[in-house]
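Shown below: final-v9.txt, with compact mmCIF, N, CA and C atoms.
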# COMPACT_ATOMS: atom_id res chain seq x y z
N MET U 1 157.97 74.47 65.11
CA MET U 1 158.84 74.48 66.26
C MET U 1 160.29 74.47 65.80
N THR U 2 161.10 75.19 66.51
CA THR U 2 162.54 75.23 66.24
C THR U 2 163.26 74.85 67.52
N GLU U 3 164.29 74.03 67.38
CA GLU U 3 165.05 73.61 68.55
C GLU U 3 166.49 74.07 68.39
N TYR U 4 167.07 74.55 69.48
CA TYR U 4 168.45 75.02 69.47
C TYR U 4 169.26 74.26 70.50
N THR U 5 170.54 74.11 70.22
CA THR U 5 171.42 73.45 71.18
C THR U 5 172.71 74.26 71.33
N ALA U 6 173.36 74.02 72.40
CA ALA U 6 174.67 74.61 72.67
C ALA U 6 175.39 73.66 73.60
N SER U 7 176.67 73.85 73.70
CA SER U 7 177.46 73.08 74.66
C SER U 7 178.03 74.07 75.66
N VAL U 8 177.87 73.77 76.92
CA VAL U 8 178.44 74.59 77.99
C VAL U 8 179.40 73.66 78.74
N ALA U 9 180.68 74.03 78.74
CA ALA U 9 181.69 73.13 79.31
C ALA U 9 182.57 73.84 80.33
N TRP U 10 182.74 73.21 81.47
CA TRP U 10 183.61 73.67 82.54
C TRP U 10 184.42 72.48 83.01
N HIS U 11 185.68 72.70 83.29
CA HIS U 11 186.55 71.65 83.82
C HIS U 11 187.41 72.24 84.92
N LEU U 12 187.59 71.49 85.99
CA LEU U 12 188.48 71.91 87.06
C LEU U 12 189.92 71.68 86.60
N PRO U 13 190.71 72.75 86.53
CA PRO U 13 192.10 72.58 86.12
C PRO U 13 192.86 71.70 87.12
N PRO U 14 193.83 70.92 86.65
CA PRO U 14 194.62 70.08 87.56
C PRO U 14 195.23 70.92 88.68
N GLY U 15 195.06 70.45 89.89
CA GLY U 15 195.63 71.11 91.05
C GLY U 15 194.86 72.33 91.54
N ALA U 16 193.77 72.70 90.86
CA ALA U 16 193.01 73.88 91.27
C ALA U 16 192.19 73.58 92.52
N ASP U 17 191.98 74.60 93.29
CA ASP U 17 191.18 74.52 94.51
C ASP U 17 189.70 74.43 94.14
N PHE U 18 188.92 73.75 94.96
CA PHE U 18 187.48 73.68 94.72
C PHE U 18 186.73 74.06 95.98
N GLN U 19 186.95 75.29 96.40
CA GLN U 19 186.21 75.89 97.52
C GLN U 19 185.30 76.96 96.91
N TYR U 20 184.20 77.27 97.57
CA TYR U 20 183.23 78.21 97.01
C TYR U 20 183.86 79.52 96.55
N GLU U 21 184.67 80.13 97.39
CA GLU U 21 185.23 81.43 97.07
C GLU U 21 186.33 81.37 96.00
N THR U 22 186.92 80.20 95.77
CA THR U 22 188.11 80.15 94.93
C THR U 22 188.03 79.27 93.68
N PHE U 23 187.00 78.41 93.57
CA PHE U 23 187.01 77.56 92.37
C PHE U 23 186.85 78.42 91.12
N PRO U 24 187.52 78.05 90.02
CA PRO U 24 187.45 78.85 88.81
C PRO U 24 186.06 78.78 88.16
N ARG U 25 185.55 79.92 87.79
CA ARG U 25 184.23 79.99 87.15
C ARG U 25 184.31 80.04 85.63
N ASP U 26 185.50 80.17 85.08
CA ASP U 26 185.65 80.28 83.62
C ASP U 26 185.18 79.01 82.93
N HIS U 27 184.45 79.20 81.85
CA HIS U 27 183.95 78.08 81.05
C HIS U 27 183.69 78.57 79.63
N GLU U 28 183.24 77.68 78.76
CA GLU U 28 182.99 78.03 77.36
C GLU U 28 181.59 77.63 76.93
N TRP U 29 180.99 78.49 76.11
CA TRP U 29 179.73 78.16 75.44
C TRP U 29 180.08 77.93 73.98
N THR U 30 179.72 76.79 73.45
CA THR U 30 179.95 76.50 72.04
C THR U 30 178.60 76.32 71.37
N PHE U 31 178.40 77.05 70.28
CA PHE U 31 177.11 77.03 69.58
C PHE U 31 177.21 76.18 68.32
N ALA U 32 176.07 75.80 67.79
CA ALA U 32 175.99 74.87 66.66
C ALA U 32 176.84 75.31 65.47
N GLY U 33 176.96 76.60 65.23
CA GLY U 33 177.76 77.08 64.11
C GLY U 33 179.25 77.10 64.38
N GLY U 34 179.65 76.70 65.59
CA GLY U 34 181.06 76.65 65.94
C GLY U 34 181.56 77.84 66.73
N GLU U 35 180.74 78.87 66.90
CA GLU U 35 181.14 80.03 67.69
C GLU U 35 181.37 79.63 69.14
N VAL U 36 182.49 80.07 69.69
CA VAL U 36 182.82 79.77 71.08
C VAL U 36 182.87 81.08 71.85
N VAL U 37 182.14 81.14 72.95
CA VAL U 37 182.12 82.32 73.81
C VAL U 37 182.81 81.96 75.12
N GLN U 38 183.77 82.79 75.48
CA GLN U 38 184.46 82.61 76.76
C GLN U 38 183.56 83.22 77.84
N ALA U 39 183.11 82.40 78.77
CA ALA U 39 182.16 82.83 79.78
C ALA U 39 182.71 82.62 81.18
N SER U 40 182.05 83.23 82.13
CA SER U 40 182.40 83.09 83.54
C SER U 40 181.20 83.54 84.35
N ALA U 41 181.31 83.46 85.65
CA ALA U 41 180.30 84.04 86.52
C ALA U 41 180.50 85.55 86.54
N SER U 42 179.53 86.25 87.04
CA SER U 42 179.67 87.69 87.27
C SER U 42 180.81 87.90 88.25
N PRO U 43 181.56 89.00 88.11
CA PRO U 43 182.59 89.29 89.10
C PRO U 43 182.03 89.38 90.53
N ASP U 44 180.75 89.71 90.67
CA ASP U 44 180.12 89.74 91.99
C ASP U 44 180.08 88.35 92.62
N TYR U 45 180.22 87.32 91.78
CA TYR U 45 180.18 85.94 92.26
C TYR U 45 181.48 85.21 91.90
N TYR U 46 182.58 85.93 92.03
CA TYR U 46 183.93 85.36 91.88
C TYR U 46 184.28 85.00 90.44
N GLY U 47 183.59 85.60 89.48
CA GLY U 47 183.89 85.33 88.08
C GLY U 47 184.90 86.31 87.51
N CYS U 48 185.25 86.07 86.28
CA CYS U 48 186.24 86.87 85.56
C CYS U 48 185.54 88.02 84.84
N HIS U 49 185.98 89.25 85.10
CA HIS U 49 185.33 90.42 84.51
C HIS U 49 185.53 90.54 83.00
N SER U 50 186.52 89.87 82.45
CA SER U 50 186.79 90.00 81.00
C SER U 50 186.04 88.96 80.17
N ARG U 51 185.23 88.13 80.81
CA ARG U 51 184.42 87.14 80.08
C ARG U 51 182.94 87.49 80.22
N VAL U 52 182.15 86.99 79.30
CA VAL U 52 180.71 87.21 79.34
C VAL U 52 180.11 86.38 80.47
N ASN U 53 179.21 87.00 81.23
CA ASN U 53 178.53 86.20 82.26
C ASN U 53 177.08 85.95 81.83
N PRO U 54 176.43 84.95 82.40
CA PRO U 54 175.08 84.59 81.96
C PRO U 54 174.08 85.74 82.06
N ASP U 55 174.21 86.59 83.07
CA ASP U 55 173.28 87.71 83.21
C ASP U 55 173.43 88.68 82.04
N GLU U 56 174.67 89.01 81.70
CA GLU U 56 174.93 89.88 80.55
C GLU U 56 174.40 89.24 79.27
N ALA U 57 174.56 87.95 79.16
CA ALA U 57 174.12 87.25 77.95
C ALA U 57 172.60 87.32 77.78
N VAL U 58 171.87 87.17 78.88
CA VAL U 58 170.41 87.26 78.80
C VAL U 58 170.00 88.67 78.39
N ILE U 59 170.65 89.66 78.96
CA ILE U 59 170.32 91.04 78.63
C ILE U 59 170.65 91.33 77.17
N ALA U 60 171.82 90.89 76.71
CA ALA U 60 172.20 91.09 75.31
C ALA U 60 171.28 90.31 74.37
N ALA U 61 170.90 89.10 74.75
CA ALA U 61 170.00 88.30 73.91
C ALA U 61 168.63 88.96 73.81
N THR U 62 168.16 89.56 74.90
CA THR U 62 166.88 90.26 74.87
C THR U 62 166.95 91.44 73.91
N SER U 63 168.02 92.20 73.99
CA SER U 63 168.21 93.34 73.09
C SER U 63 168.33 92.89 71.64
N SER U 64 169.11 91.86 71.41
CA SER U 64 169.33 91.33 70.06
C SER U 64 168.02 90.84 69.45
N CYS U 65 167.23 90.13 70.22
CA CYS U 65 165.95 89.61 69.73
C CYS U 65 165.00 90.75 69.39
N HIS U 66 164.92 91.74 70.28
CA HIS U 66 164.06 92.90 70.02
C HIS U 66 164.51 93.60 68.73
N MET U 67 165.83 93.81 68.60
CA MET U 67 166.35 94.48 67.42
C MET U 67 166.00 93.74 66.13
N LEU U 68 166.25 92.44 66.12
CA LEU U 68 165.98 91.66 64.91
C LEU U 68 164.50 91.64 64.56
N THR U 69 163.65 91.61 65.59
CA THR U 69 162.20 91.66 65.36
C THR U 69 161.82 93.04 64.83
N PHE U 70 162.36 94.09 65.43
CA PHE U 70 162.11 95.46 64.98
C PHE U 70 162.52 95.63 63.51
N LEU U 71 163.72 95.17 63.17
CA LEU U 71 164.21 95.31 61.79
C LEU U 71 163.31 94.56 60.81
N SER U 72 162.84 93.39 61.19
CA SER U 72 161.95 92.62 60.33
C SER U 72 160.64 93.37 60.09
N ILE U 73 160.08 93.93 61.14
CA ILE U 73 158.82 94.69 61.02
C ILE U 73 159.04 95.93 60.16
N ALA U 74 160.13 96.66 60.40
CA ALA U 74 160.41 97.86 59.61
C ALA U 74 160.58 97.51 58.14
N ALA U 75 161.29 96.42 57.86
CA ALA U 75 161.49 96.01 56.46
C ALA U 75 160.16 95.67 55.78
N LYS U 76 159.29 94.98 56.50
CA LYS U 76 157.96 94.65 55.93
C LYS U 76 157.14 95.90 55.67
N LYS U 77 157.37 96.96 56.45
CA LYS U 77 156.64 98.22 56.27
C LYS U 77 157.37 99.16 55.31
N LYS U 78 158.44 98.65 54.69
CA LYS U 78 159.23 99.43 53.72
C LYS U 78 159.87 100.66 54.35
N LEU U 79 160.22 100.58 55.64
CA LEU U 79 160.95 101.63 56.33
C LEU U 79 162.41 101.20 56.39
N ARG U 80 163.25 101.87 55.65
CA ARG U 80 164.66 101.48 55.56
C ARG U 80 165.44 101.97 56.77
N VAL U 81 165.99 101.03 57.53
CA VAL U 81 166.78 101.35 58.72
C VAL U 81 168.25 101.38 58.33
N LEU U 82 168.92 102.47 58.68
CA LEU U 82 170.35 102.59 58.40
C LEU U 82 171.20 102.13 59.56
N SER U 83 170.71 102.33 60.79
CA SER U 83 171.45 101.84 61.95
C SER U 83 170.50 101.66 63.13
N TYR U 84 170.90 100.75 63.99
CA TYR U 84 170.16 100.46 65.22
C TYR U 84 171.21 100.15 66.27
N VAL U 85 171.29 100.99 67.29
CA VAL U 85 172.27 100.80 68.36
C VAL U 85 171.53 100.81 69.68
N ASP U 86 171.77 99.81 70.50
CA ASP U 86 171.12 99.71 71.80
C ASP U 86 172.18 99.56 72.88
N ARG U 87 171.89 100.11 74.01
CA ARG U 87 172.73 99.93 75.20
C ARG U 87 171.82 99.44 76.32
N PRO U 88 171.48 98.15 76.27
CA PRO U 88 170.53 97.62 77.25
C PRO U 88 171.12 97.59 78.65
N GLN U 89 170.24 97.71 79.62
CA GLN U 89 170.63 97.62 81.02
C GLN U 89 169.77 96.54 81.67
N GLY U 90 170.34 95.82 82.59
CA GLY U 90 169.60 94.81 83.32
C GLY U 90 169.89 94.92 84.80
N VAL U 91 168.94 94.52 85.59
CA VAL U 91 169.07 94.55 87.04
C VAL U 91 168.94 93.13 87.58
N VAL U 92 169.91 92.72 88.39
CA VAL U 92 169.83 91.45 89.11
C VAL U 92 169.57 91.81 90.56
N ASP U 93 168.47 91.29 91.08
CA ASP U 93 168.06 91.61 92.44
C ASP U 93 167.18 90.47 92.93
N LYS U 94 166.73 90.57 94.16
CA LYS U 94 165.81 89.55 94.67
C LYS U 94 164.43 89.78 94.08
N ASN U 95 163.81 88.68 93.64
CA ASN U 95 162.46 88.77 93.10
C ASN U 95 161.43 88.67 94.23
N ALA U 96 160.16 88.58 93.87
CA ALA U 96 159.09 88.53 94.87
C ALA U 96 159.21 87.32 95.80
N ASP U 97 159.86 86.26 95.34
CA ASP U 97 160.06 85.06 96.15
C ASP U 97 161.34 85.13 96.98
N GLY U 98 162.07 86.25 96.88
CA GLY U 98 163.31 86.41 97.63
C GLY U 98 164.50 85.74 96.98
N ARG U 99 164.36 85.34 95.72
CA ARG U 99 165.45 84.67 94.99
C ARG U 99 166.09 85.65 94.02
N MET U 100 167.40 85.49 93.84
CA MET U 100 168.10 86.35 92.90
C MET U 100 167.64 86.03 91.48
N SER U 101 167.36 87.08 90.73
CA SER U 101 166.93 86.90 89.34
C SER U 101 167.16 88.20 88.58
N ILE U 102 167.05 88.11 87.28
CA ILE U 102 167.06 89.33 86.47
C ILE U 102 165.65 89.89 86.60
N THR U 103 165.53 90.99 87.32
CA THR U 103 164.21 91.53 87.63
C THR U 103 163.75 92.59 86.63
N GLU U 104 164.70 93.12 85.86
CA GLU U 104 164.33 94.17 84.92
C GLU U 104 165.35 94.24 83.80
N VAL U 105 164.85 94.47 82.60
CA VAL U 105 165.69 94.74 81.44
C VAL U 105 165.12 95.99 80.78
N VAL U 106 165.98 96.98 80.56
CA VAL U 106 165.55 98.20 79.89
C VAL U 106 166.40 98.36 78.64
N LEU U 107 165.72 98.48 77.51
CA LEU U 107 166.38 98.67 76.23
C LEU U 107 166.39 100.16 75.91
N HIS U 108 167.47 100.63 75.33
CA HIS U 108 167.62 102.03 74.95
C HIS U 108 168.01 102.14 73.47
N PRO U 109 167.15 101.66 72.57
CA PRO U 109 167.54 101.65 71.16
C PRO U 109 167.51 103.05 70.53
N LYS U 110 168.48 103.30 69.70
CA LYS U 110 168.52 104.51 68.88
C LYS U 110 168.51 104.03 67.44
N VAL U 111 167.48 104.41 66.71
CA VAL U 111 167.29 103.93 65.36
C VAL U 111 167.38 105.10 64.39
N VAL U 112 168.14 104.92 63.33
CA VAL U 112 168.25 105.92 62.28
C VAL U 112 167.65 105.32 61.01
N PHE U 113 166.68 106.04 60.45
CA PHE U 113 166.02 105.62 59.23
C PHE U 113 166.54 106.45 58.05
N GLU U 114 166.43 105.89 56.87
CA GLU U 114 166.79 106.62 55.66
C GLU U 114 165.63 107.54 55.29
N GLY U 115 165.96 108.72 54.79
CA GLY U 115 164.91 109.63 54.33
C GLY U 115 164.28 110.40 55.47
N GLU U 116 162.98 110.59 55.36
CA GLU U 116 162.26 111.39 56.35
C GLU U 116 162.31 110.75 57.74
N GLU U 117 162.31 111.63 58.74
CA GLU U 117 162.29 111.16 60.13
C GLU U 117 160.97 110.44 60.40
N VAL U 118 161.06 109.30 61.05
CA VAL U 118 159.86 108.55 61.44
C VAL U 118 159.29 109.21 62.68
N ASP U 119 157.97 109.49 62.67
CA ASP U 119 157.37 110.18 63.80
C ASP U 119 157.33 109.29 65.03
N GLU U 120 157.16 109.93 66.19
CA GLU U 120 157.21 109.22 67.47
C GLU U 120 156.14 108.13 67.58
N GLU U 121 154.97 108.39 67.06
CA GLU U 121 153.89 107.40 67.13
C GLU U 121 154.24 106.14 66.34
N THR U 122 154.78 106.33 65.14
CA THR U 122 155.18 105.18 64.31
C THR U 122 156.33 104.43 64.97
N LEU U 123 157.32 105.17 65.49
CA LEU U 123 158.45 104.53 66.15
C LEU U 123 157.97 103.72 67.36
N GLY U 124 157.09 104.31 68.15
CA GLY U 124 156.54 103.61 69.31
C GLY U 124 155.78 102.36 68.90
N SER U 125 155.03 102.45 67.83
CA SER U 125 154.26 101.30 67.33
C SER U 125 155.20 100.18 66.87
N LEU U 126 156.28 100.55 66.19
CA LEU U 126 157.26 99.56 65.75
C LEU U 126 157.89 98.85 66.96
N HIS U 127 158.29 99.63 67.96
CA HIS U 127 158.90 99.03 69.15
C HIS U 127 157.90 98.18 69.92
N GLU U 128 156.67 98.63 70.01
CA GLU U 128 155.65 97.87 70.74
C GLU U 128 155.40 96.54 70.06
N SER U 129 155.32 96.55 68.74
CA SER U 129 155.11 95.31 67.97
C SER U 129 156.33 94.39 68.11
N ALA U 130 157.54 94.97 68.06
CA ALA U 130 158.75 94.17 68.22
C ALA U 130 158.79 93.54 69.61
N HIS U 131 158.42 94.31 70.62
CA HIS U 131 158.42 93.79 72.00
C HIS U 131 157.41 92.66 72.14
N ARG U 132 156.22 92.85 71.59
CA ARG U 132 155.16 91.84 71.69
C ARG U 132 155.55 90.54 70.99
N ASN U 133 156.40 90.64 69.95
CA ASN U 133 156.75 89.47 69.15
C ASN U 133 158.16 88.94 69.39
N CYS U 134 158.89 89.52 70.32
CA CYS U 134 160.26 89.08 70.61
C CYS U 134 160.21 87.77 71.40
N PHE U 135 160.79 86.72 70.85
CA PHE U 135 160.78 85.39 71.49
C PHE U 135 161.42 85.42 72.87
N VAL U 136 162.54 86.13 72.99
CA VAL U 136 163.26 86.13 74.26
C VAL U 136 162.46 86.88 75.32
N ALA U 137 161.98 88.07 75.01
CA ALA U 137 161.19 88.84 75.98
C ALA U 137 159.96 88.05 76.41
N ASN U 138 159.35 87.33 75.47
CA ASN U 138 158.17 86.53 75.79
C ASN U 138 158.51 85.35 76.70
N SER U 139 159.79 85.04 76.83
CA SER U 139 160.23 83.89 77.63
C SER U 139 160.66 84.27 79.04
N LEU U 140 160.80 85.55 79.30
CA LEU U 140 161.34 86.01 80.58
C LEU U 140 160.25 86.34 81.58
N LYS U 141 160.56 86.15 82.84
CA LYS U 141 159.68 86.60 83.91
C LYS U 141 159.99 88.07 84.25
N ALA U 142 161.19 88.49 83.93
CA ALA U 142 161.61 89.85 84.26
C ALA U 142 160.77 90.87 83.50
N SER U 143 160.62 92.02 84.08
CA SER U 143 160.00 93.13 83.40
C SER U 143 160.94 93.56 82.29
N VAL U 144 160.44 93.66 81.07
CA VAL U 144 161.25 94.13 79.95
C VAL U 144 160.56 95.36 79.37
N SER U 145 161.27 96.47 79.34
CA SER U 145 160.70 97.68 78.77
C SER U 145 161.64 98.25 77.73
N VAL U 146 161.09 99.09 76.88
CA VAL U 146 161.86 99.70 75.80
C VAL U 146 161.75 101.22 75.94
N LYS U 147 162.89 101.89 75.97
CA LYS U 147 162.93 103.34 76.05
C LYS U 147 163.79 103.85 74.91
N PRO U 148 163.18 104.05 73.73
CA PRO U 148 163.96 104.49 72.57
C PRO U 148 164.68 105.81 72.83
N GLU U 149 165.86 105.95 72.27
CA GLU U 149 166.64 107.18 72.39
C GLU U 149 166.62 107.90 71.05
N LYS U 150 166.63 109.22 71.10
CA LYS U 150 166.67 110.02 69.87
C LYS U 150 168.08 110.44 69.58
Let me see the structure of the file written as structure tokens.
Amino acid sequence: MTEYTASVAWHLPPGADFQYETFPRDHEWTFAGGEVVQASASPDYYGCHSRVNPDEAVIAATSSCHMLTFLSIAAKKKLRVLSYVDRPQGVVDKNADGRMSITEVVLHPKVVFEGEEVDEETLGSLHESAHRNCFVANSLKASVSVKPEK
């Protein structure tokens, strides 16, 4: 078992309003290694567009986890990856219970290998194995799919 921690901190600035439409959503995520992420709510919910919002973070974390799992599998199979670029998309909508949630995450990874082109069947198998073993995807209720790009 592995345990992770982070600090999420928000403070009402002196003199700031605390009404639903106007209270500041800006806050910070601090991770064990000292990395600090400037976060906010989605702009759809009165947040700051220039900061990371939790929905974006879940989508990026899903992509990151899939990528790292994919790279590990490729390395074990002696397939040298030169680059892996993904542009994941996520949908926030009402779920079956009528509650807002991340209902779908679609990954669009483009992988470049060294040497001969990896055939579609092998690429699909690598992505399927990465998806099956991705800790984050295994933790989500949302539908997570992978649509590799060439």
In chain U, DSSP strand (DSSP E or B) residues written as a PyMOL selection string: chain U and resi 6-9+27-31+36-39+52+81-85+89-94+100-107+110-113+143-146+149
Contact residues around U:Thr103 with only C-alpha atoms at 7 Å, ignoring same-chain residues under 2 positions, as a ChimeraX atom specification: /U:91-93,95,101,142-143
For U:Asn133: contacts at 8 Å, all atoms listed in the file, fewer than 3 positions along chain excluded, given as a PyMOL selection string: chain U and resi 65-66+69-70+127-130+136-138
All residues 7 Å or closer to U:Val106, all atoms listed in the file, same chain fewer than 2 positions away omitted, as a VMD selection string: chain U and resid 87 to 91 104 108 to 109 143 to 147
Separation of atom CA of U:Thr5 from atom CA of U:Ser63, in Å and rounded to one decimal: 20.2 Å
For U:Ala9, list every protein, DNA or RNA residue within 8 Å, evaluated using only N, CA and C atoms, and leave out those in the same chain fewer than 2 positions away; present the list as an mmCIF file with N, CA and C atoms, keeping the file's coordinate frame.
data_model
loop_
_atom_site.group_PDB
_atom_site.id
_atom_site.type_symbol
_atom_site.label_atom_id
_atom_site.label_comp_id
_atom_site.auth_asym_id
_atom_site.auth_seq_id
_atom_site.Cartn_x
_atom_site.Cartn_y
_atom_site.Cartn_z
ATOM 1 N N ALA U 6 173.360 74.020 72.400
ATOM 2 C CA ALA U 6 174.670 74.610 72.670
ATOM 3 C C ALA U 6 175.390 73.660 73.600
ATOM 4 N N SER U 7 176.670 73.850 73.700
ATOM 5 C CA SER U 7 177.460 73.080 74.660
ATOM 6 C C SER U 7 178.030 74.070 75.660
ATOM 7 N N HIS U 11 185.680 72.700 83.290
ATOM 8 C CA HIS U 11 186.550 71.650 83.820
ATOM 9 C C HIS U 11 187.410 72.240 84.920
ATOM 10 N N LEU U 12 187.590 71.490 85.990
ATOM 11 C CA LEU U 12 188.480 71.910 87.060
ATOM 12 C C LEU U 12 189.920 71.680 86.600
ATOM 13 N N ASP U 26 185.500 80.170 85.080
ATOM 14 C CA ASP U 26 185.650 80.280 83.620
ATOM 15 C C ASP U 26 185.180 79.010 82.930
ATOM 16 N N HIS U 27 184.450 79.200 81.850
ATOM 17 C CA HIS U 27 183.950 78.080 81.050
ATOM 18 C C HIS U 27 183.690 78.570 79.630
ATOM 19 N N GLU U 28 183.240 77.680 78.760
ATOM 20 C CA GLU U 28 182.990 78.030 77.360
ATOM 21 C C GLU U 28 181.590 77.630 76.930
ATOM 22 N N TRP U 29 180.990 78.490 76.110
ATOM 23 C CA TRP U 29 179.730 78.160 75.440
ATOM 24 C C TRP U 29 180.080 77.930 73.980
ATOM 25 N N THR U 30 179.720 76.790 73.450
ATOM 26 C CA THR U 30 179.950 76.500 72.040
ATOM 27 C C THR U 30 178.600 76.320 71.370
#
Residue nearest U:Ala60 - candidates U:Cys48, U:Ala16, U:Cys134, U:Val105, atoms counted: only C-alpha atoms: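 Looking at the shortest contact to U:Ala60, the residue is U:Val105.
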Polymer residues at most 7 Å from (167.9, 111.1, 68.5) by all atoms listed in the file, as JSON, numbers by chain: {"U": [110, 111, 149, 150]}
Store the residues picked out above in a file with N, CA and C atoms, as a short mmCIF file (atom, residue, chain, number, x, y, z; two decimals), in the coordinates of the input.
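Once written, again.cif looks like this:
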data_model
loop_
_atom_site.label_atom_id
_atom_site.label_comp_id
_atom_site.auth_asym_id
_atom_site.auth_seq_id
_atom_site.Cartn_x
_atom_site.Cartn_y
_atom_site.Cartn_z
N LYS U 110 168.48 103.30 69.70
CA LYS U 110 168.52 104.51 68.88
C LYS U 110 168.51 104.03 67.44
N VAL U 111 167.48 104.41 66.71
CA VAL U 111 167.29 103.93 65.36
C VAL U 111 167.38 105.10 64.39
N GLU U 149 165.86 105.95 72.27
CA GLU U 149 166.64 107.18 72.39
C GLU U 149 166.62 107.90 71.05
N LYS U 150 166.63 109.22 71.10
CA LYS U 150 166.67 110.02 69.87
C LYS U 150 168.08 110.44 69.58
#
Proximity to U:Leu79 - best of U:Glu116, U:Glu21, U:Asp44, U:Glu56, only C-alpha atoms: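 Among the listed residues, the smallest separation from U:Leu79 belongs to U:Glu116.
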Atom pair atom C of U:Val85 / atom N of U:Leu68: separation (Å):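 Going from atom C of U:Val85 over to atom N of U:Leu68, I get 10.5 Å.
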Computed interatomic separation between atom C of U:Lys94 and atom N of U:Ser42 (Å):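 The value is 17.0 Å.
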